[in-house]
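Structure below is start.txt: compact mmCIF, C-alpha atoms.
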# COMPACT_ATOMS: atom_id res chain seq x y z
CA MET A 1 100.19 89.75 89.27
CA THR A 2 97.14 89.69 91.48
CA ARG A 3 94.74 92.45 90.41
CA VAL A 4 93.26 94.61 93.18
CA PHE A 5 90.37 97.06 92.85
CA SER A 6 89.14 99.50 95.47
CA GLY A 7 87.44 102.87 95.58
CA VAL A 8 86.34 105.82 97.66
CA LYS A 9 82.95 107.47 97.46
CA PRO A 10 82.92 111.31 97.34
CA THR A 11 80.01 111.77 99.74
CA GLY A 12 82.09 113.61 102.33
CA HIS A 13 85.60 114.68 103.25
CA LEU A 14 88.00 111.76 103.66
CA THR A 15 88.76 110.86 107.26
CA LEU A 16 91.45 109.37 109.44
CA GLY A 17 89.48 106.12 109.22
CA ASN A 18 89.75 106.12 105.42
CA TYR A 19 93.49 106.68 105.65
CA LEU A 20 94.40 104.21 108.40
CA GLY A 21 91.90 101.60 107.27
CA ALA A 22 92.61 101.66 103.55
CA MET A 23 94.53 104.43 101.81
CA ARG A 24 97.83 104.00 103.62
CA ARG A 25 97.94 100.29 102.79
CA TRP A 26 97.05 101.00 99.17
CA ALA A 27 100.11 103.23 98.90
CA ALA A 28 102.51 101.17 101.02
CA VAL A 29 101.58 97.67 99.89
CA ASP A 30 98.94 97.16 97.21
CA GLN A 31 100.33 99.38 94.44
CA HIS A 32 103.73 97.67 94.82
CA GLU A 33 102.60 94.07 95.13
CA ALA A 34 99.58 93.99 92.80
CA ASP A 35 98.18 95.31 89.57
CA ALA A 36 96.15 97.89 91.48
CA LEU A 37 93.26 100.09 90.40
CA PHE A 38 91.90 102.84 92.65
CA CYS A 39 88.73 104.67 91.73
CA VAL A 40 86.76 107.69 92.91
CA VAL A 41 83.31 106.11 92.65
CA ASP A 42 81.34 109.28 91.97
CA LEU A 43 78.31 107.50 90.49
CA HIS A 44 77.70 105.98 93.93
CA ALA A 45 77.39 109.48 95.38
CA LEU A 46 74.20 110.04 93.37
CA THR A 47 72.13 107.46 95.27
CA VAL A 48 70.97 110.06 97.83
CA ASP A 49 70.05 113.72 97.71
CA HIS A 50 73.19 115.70 96.86
CA ASP A 51 74.58 119.02 95.69
CA PRO A 52 76.10 118.51 92.20
CA ALA A 53 78.81 121.12 92.73
CA ARG A 54 79.79 119.49 96.02
CA VAL A 55 80.06 116.06 94.43
CA ARG A 56 82.41 117.47 91.78
CA ARG A 57 84.45 119.29 94.42
CA LEU A 58 84.71 116.25 96.68
CA SER A 59 85.60 114.00 93.74
CA ARG A 60 88.58 116.20 92.87
CA GLN A 61 89.57 116.45 96.53
CA ALA A 62 89.40 112.67 96.97
CA ALA A 63 91.61 112.09 93.92
CA THR A 64 94.09 114.68 95.14
CA LEU A 65 94.21 113.13 98.62
CA LEU A 66 94.75 109.67 97.16
CA LEU A 67 97.79 111.02 95.36
CA ALA A 68 98.88 112.87 98.49
CA SER A 69 98.66 109.65 100.48
CA GLY A 70 101.31 108.12 98.26
CA LEU A 71 99.58 106.57 95.26
CA ASN A 72 101.94 106.70 92.30
CA PRO A 73 100.29 106.76 88.83
CA GLU A 74 103.37 104.96 87.47
CA LEU A 75 102.65 102.04 89.79
CA CYS A 76 98.84 101.97 89.86
CA THR A 77 95.79 103.17 87.94
CA LEU A 78 93.87 106.07 89.50
CA PHE A 79 90.69 107.30 87.83
CA VAL A 80 87.15 108.58 88.28
CA GLN A 81 84.34 106.05 87.82
CA SER A 82 82.10 108.20 85.61
CA HIS A 83 85.00 108.75 83.19
CA VAL A 84 84.84 105.06 82.18
CA ASP A 85 81.53 104.14 80.52
CA GLU A 86 82.07 100.42 81.04
CA HIS A 87 80.92 100.69 84.67
CA ALA A 88 77.43 101.78 83.68
CA ARG A 89 77.33 99.41 80.69
CA LEU A 90 78.08 96.37 82.82
CA SER A 91 75.87 97.46 85.70
CA TYR A 92 72.67 97.07 83.67
CA VAL A 93 73.70 93.63 82.42
CA LEU A 94 74.31 92.52 86.00
CA GLU A 95 70.93 93.94 87.06
CA CYS A 96 69.51 91.40 84.63
CA VAL A 97 71.23 88.66 86.63
CA ALA A 98 70.58 89.93 90.17
CA THR A 99 67.26 89.50 91.97
CA ASP A 100 65.03 91.92 93.83
CA GLY A 101 65.33 89.82 96.98
CA GLU A 102 69.12 90.01 96.94
CA MET A 103 69.03 93.79 96.73
CA ARG A 104 66.55 94.21 99.55
CA ARG A 105 68.59 91.98 101.84
CA MET A 106 71.59 94.28 101.67
CA ILE A 107 72.17 95.64 105.19
CA GLN A 108 73.37 99.04 104.01
CA TYR A 109 70.24 99.47 101.89
CA LYS A 110 68.02 98.72 104.88
CA GLU A 111 69.91 101.16 107.09
CA LYS A 112 70.16 103.98 104.55
CA ALA A 113 66.58 103.59 103.36
CA ALA A 114 65.32 103.73 106.95
CA ARG A 115 67.41 106.84 107.59
CA GLU A 116 66.04 108.57 104.48
CA GLN A 117 62.48 107.71 105.45
CA ARG A 118 62.99 109.08 108.95
CA ARG A 119 64.16 112.34 107.40
CA GLY A 120 60.98 112.46 105.35
CA GLY A 121 62.82 111.95 102.08
CA SER A 122 62.11 109.53 99.28
CA VAL A 123 64.33 106.51 98.64
CA ARG A 124 65.90 106.50 95.20
CA LEU A 125 65.89 103.35 93.12
CA SER A 126 69.65 103.69 92.71
CA LEU A 127 70.06 103.20 96.46
CA LEU A 128 68.54 99.75 96.03
CA THR A 129 70.57 98.81 92.96
CA TYR A 130 73.95 100.38 93.70
CA PRO A 131 75.44 97.10 95.01
CA VAL A 132 75.11 95.85 91.43
CA LEU A 133 77.04 98.89 90.21
CA MET A 134 79.66 98.06 92.81
CA ALA A 135 79.80 94.54 91.44
CA ALA A 136 80.28 95.98 87.95
CA ASP A 137 83.12 98.16 89.25
CA ILE A 138 84.93 95.03 90.40
CA LEU A 139 84.05 92.50 87.70
CA ALA A 140 84.83 94.83 84.78
CA TYR A 141 88.51 94.69 85.71
CA ALA A 142 88.78 90.97 86.46
CA ALA A 143 89.89 91.88 89.96
CA ASP A 144 91.18 89.04 92.12
CA GLU A 145 91.01 90.88 95.44
CA VAL A 146 88.89 93.70 96.88
CA PRO A 147 90.24 95.28 100.10
CA VAL A 148 87.18 96.23 102.17
CA GLY A 149 86.06 96.93 105.70
CA ASP A 150 83.58 94.75 107.53
CA ASP A 151 80.62 96.85 106.35
CA GLN A 152 81.37 96.11 102.68
CA VAL A 153 81.98 92.36 102.87
CA GLN A 154 78.33 91.62 102.05
CA HIS A 155 78.66 93.57 98.80
CA VAL A 156 81.72 91.57 97.74
CA GLU A 157 79.80 88.37 98.50
CA LEU A 158 77.02 89.61 96.20
CA THR A 159 79.63 90.32 93.54
CA ARG A 160 80.91 86.75 93.84
CA ASP A 161 77.37 85.37 93.59
CA LEU A 162 76.62 87.39 90.45
CA ALA A 163 79.88 86.38 88.82
CA VAL A 164 79.29 82.69 89.50
CA ARG A 165 75.66 82.87 88.33
CA PHE A 166 76.59 84.71 85.12
CA ASN A 167 79.40 82.25 84.36
CA GLN A 168 77.11 79.27 84.90
CA ARG A 169 74.29 80.65 82.74
CA TYR A 170 76.18 82.29 79.90
CA GLY A 171 79.67 80.84 79.90
CA HIS A 172 82.81 81.74 81.80
CA THR A 173 83.23 85.51 81.58
CA PHE A 174 84.18 86.90 84.99
CA VAL A 175 86.92 86.32 87.53
CA VAL A 176 85.30 85.56 90.89
CA PRO A 177 86.93 88.00 93.36
CA ARG A 178 87.56 87.62 97.06
CA ALA A 179 87.35 90.19 99.85
CA THR A 180 90.48 90.96 101.83
CA ARG A 181 90.46 92.75 105.17
CA PRO A 182 93.19 95.03 106.54
CA GLY A 183 94.57 94.44 110.03
CA VAL A 184 94.47 96.73 113.05
CA ALA A 185 92.53 99.98 112.71
CA ALA A 186 90.65 98.55 109.75
CA ARG A 187 87.60 100.23 111.20
CA VAL A 188 88.40 103.43 113.09
CA MET A 189 85.45 104.42 115.23
CA ASN A 190 83.85 107.81 115.88
CA LEU A 191 85.61 109.57 118.77
CA GLN A 192 82.29 110.63 120.29
CA ASP A 193 80.48 107.36 119.59
CA PRO A 194 83.02 104.52 119.63
CA THR A 195 80.36 102.00 118.66
CA SER A 196 79.92 103.70 115.25
CA LYS A 197 82.37 103.92 112.37
CA MET A 198 84.13 107.21 111.69
CA GLY A 199 82.21 107.81 108.46
CA LYS A 200 82.91 110.56 105.97
CA SER A 201 79.21 110.87 105.09
CA ASP A 202 78.34 111.99 108.61
CA ASP A 203 77.68 115.60 109.44
CA VAL A 204 80.63 117.67 110.65
CA GLY A 205 81.22 116.76 114.28
CA PRO A 206 83.86 116.48 116.98
CA GLY A 207 84.02 112.71 116.63
CA ILE A 208 85.42 112.74 113.07
CA VAL A 209 89.04 113.57 112.23
CA TYR A 210 89.30 114.69 108.62
CA LEU A 211 92.53 114.33 106.66
CA LEU A 212 92.70 118.08 106.10
CA ASP A 213 91.94 119.10 109.70
CA GLU A 214 94.46 121.56 111.11
CA PRO A 215 96.77 120.13 113.82
CA ASP A 216 95.07 122.10 116.62
CA VAL A 217 91.68 120.85 115.45
CA VAL A 218 92.97 117.26 115.50
CA ARG A 219 94.33 117.69 119.01
CA LYS A 220 91.08 119.15 120.28
CA LYS A 221 88.99 116.33 118.80
CA VAL A 222 91.22 113.59 120.21
CA MET A 223 91.47 115.20 123.64
CA ARG A 224 87.67 115.35 123.80
CA ALA A 225 87.24 111.72 122.74
CA VAL A 226 84.76 109.69 124.76
CA THR A 227 86.42 107.16 127.07
CA ASP A 228 84.85 104.69 129.47
CA SER A 229 84.10 104.31 133.16
CA GLY A 230 86.99 103.21 135.33
CA ARG A 231 90.51 104.58 135.62
CA GLU A 232 92.70 101.74 134.43
CA VAL A 233 93.91 101.90 130.84
CA VAL A 234 93.14 98.48 129.38
CA TYR A 235 92.44 97.22 125.87
CA ASP A 236 89.00 95.63 125.72
CA ARG A 237 87.02 96.27 122.52
CA GLU A 238 83.74 94.99 123.98
CA ALA A 239 83.77 96.43 127.50
CA ARG A 240 85.89 99.58 126.88
CA PRO A 241 85.21 100.66 123.29
CA GLY A 242 86.33 104.27 123.79
CA LEU A 243 89.74 103.31 125.14
CA ALA A 244 90.09 100.53 122.59
CA ASN A 245 89.49 103.00 119.76
CA LEU A 246 92.21 105.36 121.03
CA LEU A 247 94.65 102.49 121.51
CA GLU A 248 93.98 101.14 118.03
CA ILE A 249 94.48 104.59 116.50
CA LEU A 250 97.75 105.05 118.42
CA SER A 251 98.86 101.58 117.39
CA ALA A 252 98.14 102.26 113.73
CA CYS A 253 99.98 105.61 113.86
CA SER A 254 103.04 104.72 115.91
CA GLY A 255 103.38 100.93 115.94
CA GLY A 256 103.03 98.36 118.68
CA SER A 257 99.93 96.39 119.51
CA PRO A 258 97.00 97.96 121.38
CA GLU A 259 97.47 95.45 124.18
CA GLU A 260 101.13 96.40 124.64
CA LEU A 261 100.42 100.12 124.47
CA SER A 262 97.71 99.92 127.12
CA GLY A 263 100.31 98.90 129.70
CA ALA A 264 102.35 102.04 129.08
CA TYR A 265 99.72 104.48 130.35
CA ALA A 266 98.49 105.25 133.82
CA SER A 267 95.91 107.86 132.78
CA TYR A 268 93.49 108.62 129.98
CA GLY A 269 94.98 112.10 129.59
CA ASP A 270 98.46 110.88 128.70
CA LEU A 271 97.03 108.37 126.25
CA LYS A 272 94.98 111.07 124.54
CA LYS A 273 97.95 113.44 124.29
CA ASP A 274 100.17 110.83 122.69
CA THR A 275 97.39 109.69 120.36
CA ALA A 276 96.70 113.26 119.26
CA GLU A 277 100.37 113.92 118.49
CA ALA A 278 100.69 110.62 116.65
CA VAL A 279 97.71 111.48 114.45
CA VAL A 280 99.07 114.97 113.73
CA GLU A 281 102.41 113.50 112.64
CA VAL A 282 100.79 110.85 110.45
CA LEU A 283 98.66 113.45 108.67
CA ARG A 284 101.42 116.05 108.28
CA PRO A 285 103.05 114.65 105.09
CA VAL A 286 99.66 113.98 103.51
CA GLN A 287 98.56 117.55 104.11
CA GLU A 288 101.84 118.97 102.82
CA ARG A 289 101.66 116.92 99.63
CA HIS A 290 97.98 117.83 99.18
CA LYS A 291 98.91 121.51 99.30
CA GLU A 292 101.56 120.98 96.61
CA LEU A 293 99.12 119.12 94.36
CA CYS A 294 96.45 121.81 94.75
CA ALA A 295 98.98 124.31 93.41
CA ASP A 296 99.28 122.21 90.23
CA PRO A 297 95.72 121.18 89.29
CA GLY A 298 96.81 120.31 85.77
CA HIS A 299 98.88 117.44 87.13
CA VAL A 300 95.87 115.88 88.88
CA GLU A 301 93.78 116.27 85.73
CA ARG A 302 96.44 114.52 83.63
CA VAL A 303 96.68 111.66 86.12
CA LEU A 304 92.90 111.15 86.04
CA ARG A 305 92.72 111.40 82.25
CA ASP A 306 95.53 108.91 81.74
CA GLY A 307 94.11 106.65 84.44
CA ALA A 308 90.68 106.61 82.81
CA GLU A 309 92.19 105.74 79.43
CA ARG A 310 94.15 102.87 80.96
CA ALA A 311 91.12 101.65 82.93
CA ARG A 312 88.94 101.78 79.83
CA GLY A 313 91.41 99.59 77.97
CA MET A 314 91.31 97.03 80.81
CA ALA A 315 87.53 96.99 81.23
CA ARG A 316 86.24 97.08 77.67
CA PRO A 317 87.22 93.54 76.62
CA THR A 318 85.51 92.02 79.66
CA VAL A 319 82.37 94.12 79.28
CA ASP A 320 82.19 93.41 75.54
CA ALA A 321 82.53 89.70 76.31
CA ALA A 322 79.68 89.94 78.84
CA TYR A 323 77.49 91.64 76.22
CA ARG A 324 78.15 88.88 73.73
CA ALA A 325 77.65 86.14 76.30
CA ILE A 326 74.26 87.41 77.49
CA GLY A 327 72.94 87.68 73.94
CA LEU A 328 73.42 91.28 72.82
CA LEU A 329 74.14 91.87 69.15
CA PRO A 330 77.69 93.16 68.56
CA ALA A 331 77.99 96.54 66.90
CA VAL A 332 79.37 96.49 63.36
CA PRO A 333 82.75 98.27 63.25
CA GLU A 334 82.45 101.47 61.23
CA ALA A 335 85.25 100.58 58.83
CA ALA A 336 83.70 97.17 58.15
CA ALA A 337 80.28 98.68 57.54
CA GLU A 338 81.70 101.16 55.04
CA ALA A 339 83.59 98.40 53.22
CA GLY A 340 80.53 96.18 53.18
CA GLY A 341 82.70 93.23 54.04
CA ALA A 342 83.78 91.61 57.31
CA GLY A 343 81.53 92.40 60.22
CA VAL A 344 78.32 92.75 58.16
CA LEU A 345 75.43 90.97 59.81
CA ARG A 346 74.12 87.90 57.99
CA VAL A 347 70.96 86.00 58.94

Conversion result in structure tokens:
Amino acid sequence: MTRVFSGVKPTGHLTLGNYLGAMRRWAAVDQHEADALFCVVDLHALTVDHDPARVRRLSRQAATLLLASGLNPELCTLFVQSHVDEHARLSYVLECVATDGEMRRMIQYKEKAAREQRRGGSVRLSLLTYPVLMAADILAYAADEVPVGDDQVQHVELTRDLAVRFNQRYGHTFVVPRATRPGVAARVMNLQDPTSKMGKSDDVGPGIVYLLDEPDVVRKKVMRAVTDSGREVVYDREARPGLANLLEILSACSGGSPEELSGAYASYGDLKKDTAEAVVEVLRPVQERHKELCADPGHVERVLRDGAERARGMARPTVDAAYRAIGLLPAVPEAAAEAGGAGVLRV
């Protein structure tokens, strides 16, 4: 089967954009049609200033919401990144293959570094190198496909470059993955700024619908969504981004294309009401299942423990092979060392 790897970063509460753009497809398609691994990439949350307790809390919440969205641990592997040492082991090896120029060309690094500097904060080295850790996340599992939004395609391209370069220099070790992009609503935009992605790392605001928002809160946010000048309801992503965002959300929640839906409305108000109700209904089963899982925290812990063990078994052979290929001395197995036989180093 095709192997798929994807992850969520616990830097904020998961949003409608995360669900419509990725999580729903993971549950409905990927875990059934592929050998799928889904990871809470908590190490990536350490690249900026953070509250340790909040990272732990958001990591658990993200894992619980992934289960609530329909991921089945009997069909896929769900785990937390820091629970599998192979991610960090491989990341350093890949840093020895990547270049400084490649890191500094990453668009997200430029944007995030500039934002940190404007805030008067210092830029952590890990913010520069985390695309290599992302590459390690993918390459450790010999993933064939990586479902990503447009803003992450550059990172998958870097992963491909590092895999090819390593294979050419040290012998074939890694599968070279490819990025795959979801269809409509792959990038849900902020309701108050439809030119910006609805990001979970943003501050709390009326433009972001969180998966655990109460129905009345969802309705209020959607009804207050920014639209565009003019009265006609038309789908035009470039000229009418506010309307296009609402139509894409409605399309993703209830079916039909944005173009077809636009012809069914004579006013912005009716479109907003139907979009709000569609979002409430889409989130209802996720919220109900999340509540059930929170009442049984031991179940979530078992899923993550079993998932980490399974992931470790998948990643270790590839990472060990990368260590050997790049020139690192294999460790002598303890039993062999005690016996003084096979595995003892000879020069």

**Asked** Suppose you want the space between CA of Leu304 in chain A and CA of Asn72 in chain A; what is it in Å?
**Response**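 Between these atoms lies a distance of 11.9 Å.
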
Mind running range 246-312 of chain A against range 78-84 of chain A at 7 Å and telling me each contacting residue's nearest atom pair with the distance in Å (one decimal), counting all atoms listed in the file, chain and number ascending, as CSV?
residue,atom,partner,partner_atom,distance
A:Leu304,CA,A:Phe79,CA,4.8
A:Gly307,CA,A:Phe79,CA,4.9
A:Ala308,CA,A:Phe79,CA,5.1
A:Arg312,CA,A:Val84,CA,5.8

**Message:** Report, in Å to a single decimal, how far apart CA of Val132 in chain A and CA of Ala325 in chain A are.
**Reply:**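 CA of Val132 in chain A lies 18.2 Å from CA of Ala325 in chain A.
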
**Request:** Enter the distance from CA of Tyr268 in chain A to CA of Val280 in chain A, in Å, rounded to one decimal.
**Result:**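 Distance reported for this atom pair: 18.3 Å.
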
**Message:** Which residues are close to Val226 in chain A, i.e. within 8 Å by only C-alpha atoms, leaving aside same-chain residues fewer than 4 positions away? Reply as a PyMOL selection string.
**Reply:** chain A and resi 191-194+242

**Request:** Do a neighbour search on Leu328 in chain A at 12 Å with all atoms listed in the file, toss out local chain neighbours closer than 6 positions, and write the hits as a ChimeraX atom specification.
**Result:** /A:89,93,170,319-322

**Pick from A:Pro333, A:Pro177, A:Gly199, A:Pro147, whichever lies nearest to Asp30 in chain A using only C-alpha atoms** =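 Smallest separation from Asp30 in chain A among the options: A:Pro147.
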
**Message:** When you look at Leu90 in chain A with a cut-off of 12 Å (counting only C-alpha atoms), what residues show up, excluding the ones that are within fewer than 5 positions of it in the same chain? I need them as an MDAnalysis selection string.
**Reply:** chainID A and resid 84:85 95:97 132:141 162:163 166 174 315:324 326

So that I have them on file, write out the residues from the current selection with C-alpha atoms, as a compact mmCIF listing (two decimals), in the coordinates of the input.
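That gives us result-v5.txt:
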# COMPACT_ATOMS: atom_id res chain seq x y z
CA VAL A 84 84.84 105.06 82.18
CA ASP A 85 81.53 104.14 80.52
CA GLU A 95 70.93 93.94 87.06
CA CYS A 96 69.51 91.40 84.63
CA VAL A 97 71.23 88.66 86.63
CA VAL A 132 75.11 95.85 91.43
CA LEU A 133 77.04 98.89 90.21
CA MET A 134 79.66 98.06 92.81
CA ALA A 135 79.80 94.54 91.44
CA ALA A 136 80.28 95.98 87.95
CA ASP A 137 83.12 98.16 89.25
CA ILE A 138 84.93 95.03 90.40
CA LEU A 139 84.05 92.50 87.70
CA ALA A 140 84.83 94.83 84.78
CA TYR A 141 88.51 94.69 85.71
CA LEU A 162 76.62 87.39 90.45
CA ALA A 163 79.88 86.38 88.82
CA PHE A 166 76.59 84.71 85.12
CA PHE A 174 84.18 86.90 84.99
CA ALA A 315 87.53 96.99 81.23
CA ARG A 316 86.24 97.08 77.67
CA PRO A 317 87.22 93.54 76.62
CA THR A 318 85.51 92.02 79.66
CA VAL A 319 82.37 94.12 79.28
CA ASP A 320 82.19 93.41 75.54
CA ALA A 321 82.53 89.70 76.31
CA ALA A 322 79.68 89.94 78.84
CA TYR A 323 77.49 91.64 76.22
CA ARG A 324 78.15 88.88 73.73
CA ILE A 326 74.26 87.41 77.49

**Selected residue of minimal separation from Leu128 in chain A among A:Ser196, A:Ser229, A:Thr64, A:Thr47, counting all atoms listed in the file** =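 Nearest candidate to Leu128 in chain A out of A:Ser196, A:Ser229, A:Thr64, A:Thr47: A:Thr47.
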
**Request:** Go through A:Val279, A:Ala239, A:Ala142, A:Leu246 one by one, measure the shortest atom-to-atom distance of each to Leu212 in chain A using all atoms listed in the file, and give the residue with the smallest value.
**Result:** A:Val279

**Item:** Using all atoms listed in the file: which of A:Thr275, A:Asn190, A:Thr159, A:Gln152 has the shortest distance to Thr15 in chain A
**Value:**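 Selected residue with least distance to Thr15 in chain A: A:Asn190.
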
**Message:** I need the residue nearest Glu74 in chain A from this list: A:Lys112, A:His32, A:Arg219, A:Arg165. Use all atoms listed in the file for the distance.
**Reply:**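 Of the candidates, the smallest distance to Glu74 in chain A is held by A:His32.
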
**10 Å contact set for Glu33 in chain A, only C-alpha atoms, chain neighbours under 4 positions out, as a list in words** =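 In the requested form, the answer reads Met1, Thr2, Arg3, Val4, Trp26, Ala28, Val29 and Leu75 of chain A.
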
Generate the coordinates of all heavy atoms for range 54-63 of chain A; report them as a CSV table (one decimal), keeping the file's coordinate frame.
chain,number,residue,atom,x,y,z
A,54,ARG,N,79.0,120.1,94.9
A,54,ARG,CA,79.8,119.5,96.0
A,54,ARG,C,80.3,118.1,95.6
A,54,ARG,O,81.5,117.8,96.0
A,54,ARG,CB,78.9,119.4,97.3
A,54,ARG,CG,79.6,118.9,98.5
A,54,ARG,CD,78.8,119.0,99.7
A,54,ARG,NE,79.5,118.7,100.9
A,54,ARG,CZ,79.5,117.5,101.5
A,54,ARG,NH1,78.8,116.5,101.0
A,54,ARG,NH2,80.2,117.3,102.6
A,55,VAL,N,79.6,117.4,94.9
A,55,VAL,CA,80.1,116.1,94.4
A,55,VAL,C,81.3,116.2,93.6
A,55,VAL,O,82.3,115.5,93.7
A,55,VAL,CB,79.0,115.3,93.7
A,55,VAL,CG1,79.6,114.0,93.0
A,55,VAL,CG2,77.9,114.9,94.6
A,56,ARG,N,81.2,117.2,92.6
A,56,ARG,CA,82.4,117.5,91.8
A,56,ARG,C,83.6,117.9,92.6
A,56,ARG,O,84.7,117.4,92.4
A,56,ARG,CB,82.1,118.5,90.7
A,56,ARG,CG,81.2,118.0,89.6
A,56,ARG,CD,81.1,119.1,88.5
A,56,ARG,NE,80.4,120.3,88.9
A,56,ARG,CZ,79.1,120.4,88.7
A,56,ARG,NH1,78.4,119.4,88.2
A,56,ARG,NH2,78.5,121.5,89.1
A,57,ARG,N,83.4,118.8,93.6
A,57,ARG,CA,84.4,119.3,94.4
A,57,ARG,C,85.1,118.2,95.3
A,57,ARG,O,86.3,118.0,95.4
A,57,ARG,CB,83.9,120.4,95.3
A,57,ARG,CG,85.0,121.1,96.1
A,57,ARG,CD,84.4,122.4,96.8
A,57,ARG,NE,83.4,122.1,97.8
A,57,ARG,CZ,82.1,122.3,97.6
A,57,ARG,NH1,81.7,122.9,96.4
A,57,ARG,NH2,81.2,122.0,98.5
A,58,LEU,N,84.2,117.3,95.8
A,58,LEU,CA,84.7,116.2,96.7
A,58,LEU,C,85.4,115.2,95.9
A,58,LEU,O,86.3,114.5,96.3
A,58,LEU,CB,83.6,115.6,97.5
A,58,LEU,CG,83.0,116.5,98.6
A,58,LEU,CD1,81.8,115.8,99.3
A,58,LEU,CD2,84.1,116.8,99.7
A,59,SER,N,85.0,115.0,94.6
A,59,SER,CA,85.6,114.0,93.7
A,59,SER,C,87.0,114.4,93.4
A,59,SER,O,88.0,113.6,93.5
A,59,SER,CB,84.8,113.8,92.4
A,59,SER,OG,83.5,113.3,92.7
A,60,ARG,N,87.2,115.7,93.1
A,60,ARG,CA,88.6,116.2,92.9
A,60,ARG,C,89.4,116.1,94.1
A,60,ARG,O,90.6,115.7,94.1
A,60,ARG,CB,88.5,117.6,92.4
A,60,ARG,CG,89.9,118.3,92.2
A,60,ARG,CD,89.8,119.7,91.7
A,60,ARG,NE,89.5,119.7,90.3
A,60,ARG,CZ,90.4,119.5,89.3
A,60,ARG,NH1,91.7,119.4,89.6
A,60,ARG,NH2,90.0,119.5,88.1
A,61,GLN,N,88.8,116.5,95.3
A,61,GLN,CA,89.6,116.4,96.5
A,61,GLN,C,90.0,115.0,96.9
A,61,GLN,O,91.1,114.8,97.3
A,61,GLN,CB,88.7,117.0,97.7
A,61,GLN,CG,89.5,117.1,99.0
A,61,GLN,CD,88.5,117.5,100.1
A,61,GLN,OE1,87.9,116.7,100.8
A,61,GLN,NE2,88.5,118.9,100.4
A,62,ALA,N,89.1,114.1,96.7
A,62,ALA,CA,89.4,112.7,97.0
A,62,ALA,C,90.6,112.2,96.1
A,62,ALA,O,91.5,111.5,96.6
A,62,ALA,CB,88.2,111.8,96.8
A,63,ALA,N,90.5,112.5,94.8
A,63,ALA,CA,91.6,112.1,93.9
A,63,ALA,C,92.9,112.7,94.3
A,63,ALA,O,94.0,112.1,94.3
A,63,ALA,CB,91.3,112.5,92.5
